[in-house]
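These notes are about the structure you will find just below.
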Amino acid sequence: MRVFSHPRFLQVYSAVLTAVLVVGVTTGATRGPVKASFDEITVQKLTLVEPDGTTRLVMANNANLPGAVFHGHQYAHDTRRQDGTAGLIFYDAEGSESGGLTFGGLKRQDGKVVRDGHLSFDAYDQDELSSWNSAQTETGTRTGIMFKDEPDWPLEDAFKVMQANAGASEAEKQAALNTFLASRAPMHVQRAWLGRNPDASSSLELRDRDGKVRITARVDADGTPRLLFLDASGQVTEAWPQATRK
């Protein structure tokens, strides 16, 4: 133990300790981010975040698919998980949902087959402005691209209403939501559709700001083409071929 009491011990010890700290700090400063490589990963949920923790992307199975998220706050959205839906949910720089790519499908207990694919792009603080949808149900197959207008009021307000009535019955919750929506500009005003319809026809529909169809280009299931122009009341004003005019 006499070595520890030697006059030069503290000097040598201090010098060695300083050298170790300098090497450690400089090595850590110059070393890049740690990267890992995997041949295969099996997970139920993956979350991509910014350095400050803001969520930008969630990839999840049906059980872990998140609810509706606005500015980092999550609200229950149980219908999102129906029919086995899973996929990707994207978020903006403020942590609010901005769109998604989801898929679902199964045979229900009543024997009916349902299958759905959905790619959407949301307005700021609101629901989808455009979407690509493919759906198979007992009524037929519908697949195509849809464009909509959404209002300026924040969609989060509607979820707050549902959250405030979480303990009420489904009928009471729906009534509260209907009362809330009645005093606000409407959501989901369809402006255009291009796709295949459940009756096996294909069509292009253009609508006005009130969501009323004004032009329809259609090919029926039997191959018959039609072009219709309509007024705001839904009456056909021009048609091609003329034989289809009413």
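Identifiers in this document derive from the order of the structure tokens: chains are assigned A, B, ..., residues are numbered from 1 separately in each chain, and ligands are numbered from 1 in order of occurrence.
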Find the residues near stretch 163-175 of chain A: any atom within 12 Å, counting only C-alpha atoms, skip ones fewer than 3 places away on the same chain, and give them as a count of residues only. 15
Just want the 9 Å neighbourhood of stretch 48-60 of chain A, counted on only C-alpha atoms, with same-chain residues fewer than 6 positions away dropped. Output as JSON, numbers by chain. {"A": [66, 72, 86, 87, 88, 89, 90, 91, 92, 93, 94, 95, 96, 97]}
Excluding same-chain residues fewer than 5 positions from A:Leu228, what lies within 12 Å of it counting only C-alpha atoms, as a list in words? Ser203, Leu204, Glu205, Leu206, Val213, Arg214, Ile215, Thr216, Ala217, Arg218, Val219, Gly234, Gln235, Val236, Thr237, Glu238, Ala239, Trp240, Pro241, Gln242, Ala243, Thr244, Arg245 and Lys246 of chain A
Go ahead and save the picked residues with C-alpha atoms, as a compact mmCIF listing (two decimals), in the first residue's frame.
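Dumped everything to again_3.txt:
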```txt
# COMPACT_ATOMS: atom_id res chain seq x y z
CA SER A 203 -67.28 5.45 -64.48
CA LEU A 204 -65.84 8.91 -64.13
CA GLU A 205 -68.03 11.19 -61.99
CA LEU A 206 -67.38 14.92 -61.54
CA VAL A 213 -72.98 14.87 -59.84
CA ARG A 214 -72.71 17.22 -62.86
CA ILE A 215 -70.88 15.04 -65.42
CA THR A 216 -70.84 11.25 -65.72
CA ALA A 217 -68.84 9.24 -68.24
CA ARG A 218 -69.86 5.60 -67.87
CA VAL A 219 -69.43 2.21 -69.49
CA GLY A 234 -79.89 16.07 -60.87
CA GLN A 235 -81.78 16.39 -64.18
CA VAL A 236 -79.96 15.34 -67.37
CA THR A 237 -79.50 18.35 -69.65
CA GLU A 238 -77.36 16.73 -72.34
CA ALA A 239 -76.54 13.11 -73.13
CA TRP A 240 -74.53 10.99 -75.54
CA PRO A 241 -75.68 8.98 -77.34
CA GLN A 242 -78.96 10.89 -77.73
CA ALA A 243 -80.98 7.70 -77.30
CA THR A 244 -80.11 7.65 -73.57
CA ARG A 245 -81.39 11.19 -72.98
CA LYS A 246 -84.36 11.39 -70.62
```
Grab the atom CA of A:Asp83 to atom CA of A:Met187 distance for me, in Å with one decimal place.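 These two atoms are separated by 24.3 Å.
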A:Ser202, A:Thr85, A:Thr102, A:Ser233 ranked by distance to A:Ser120, top pick (using only C-alpha atoms): A:Thr102
Could you pull out the residues in stretch 47-116 of chain A that DSSP calls strand (DSSP E) from the backbone, as a PyMOL selection string? chain A and resi 47-49+55-60+68-70+73-75+86-91+97-107+113-116
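Every residue of stretch 62-188 of chain A found in helix (DSSP H, G or I) when DSSP is run on the backbone appears here: Asp78, Thr79, Arg80, Arg81, Gln82, Asp83, Gly84, Glu156, Asp157, Ala158, Phe159, Lys160, Val161, Met162, Gln163, Ala164, Glu170, Ala171, Glu172, Lys173, Gln174, Ala175, Ala176, Leu177, Asn178, Thr179, Phe180, Leu181 and Ala182 of chain A.
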Would you save the residues from that selection as a PDB file, in the first residue's frame, using C-alpha atoms?
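Output file again.pdb follows:
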```pdb
ATOM      1  CA  ASP A  78     -62.104   1.066 -32.794  1.00  0.00           C
ATOM      2  CA  THR A  79     -63.713   0.874 -36.248  1.00  0.00           C
ATOM      3  CA  ARG A  80     -60.219   1.129 -37.723  1.00  0.00           C
ATOM      4  CA  ARG A  81     -59.506  -2.410 -36.546  1.00  0.00           C
ATOM      5  CA  GLN A  82     -62.615  -4.025 -38.010  1.00  0.00           C
ATOM      6  CA  ASP A  83     -62.231  -6.923 -40.459  1.00  0.00           C
ATOM      7  CA  GLY A  84     -58.593  -7.514 -39.513  1.00  0.00           C
ATOM      8  CA  GLU A 156     -59.987  16.414 -33.256  1.00  0.00           C
ATOM      9  CA  ASP A 157     -63.031  18.299 -31.911  1.00  0.00           C
ATOM     10  CA  ALA A 158     -65.298  15.466 -33.078  1.00  0.00           C
ATOM     11  CA  PHE A 159     -63.152  12.905 -31.305  1.00  0.00           C
ATOM     12  CA  LYS A 160     -63.285  15.007 -28.138  1.00  0.00           C
ATOM     13  CA  VAL A 161     -67.085  14.780 -28.289  1.00  0.00           C
ATOM     14  CA  MET A 162     -66.887  10.995 -28.592  1.00  0.00           C
ATOM     15  CA  GLN A 163     -64.372  10.827 -25.755  1.00  0.00           C
ATOM     16  CA  ALA A 164     -66.609  12.958 -23.508  1.00  0.00           C
ATOM     17  CA  GLU A 170     -73.861   3.810 -28.918  1.00  0.00           C
ATOM     18  CA  ALA A 171     -77.117   5.590 -29.744  1.00  0.00           C
ATOM     19  CA  GLU A 172     -76.329   8.390 -27.290  1.00  0.00           C
ATOM     20  CA  LYS A 173     -72.800   8.785 -28.597  1.00  0.00           C
ATOM     21  CA  GLN A 174     -74.073   8.980 -32.170  1.00  0.00           C
ATOM     22  CA  ALA A 175     -76.693  11.545 -31.166  1.00  0.00           C
ATOM     23  CA  ALA A 176     -74.045  13.712 -29.486  1.00  0.00           C
ATOM     24  CA  LEU A 177     -71.845  13.487 -32.558  1.00  0.00           C
ATOM     25  CA  ASN A 178     -74.736  14.333 -34.889  1.00  0.00           C
ATOM     26  CA  THR A 179     -75.542  17.411 -32.793  1.00  0.00           C
ATOM     27  CA  PHE A 180     -71.920  18.513 -32.995  1.00  0.00           C
ATOM     28  CA  LEU A 181     -71.722  17.993 -36.767  1.00  0.00           C
ATOM     29  CA  ALA A 182     -75.037  19.727 -37.469  1.00  0.00           C
TER      30      ALA A 182
END
```
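Atom CA of A:Ser98 lies 11.0 Å from atom CA of A:His71.
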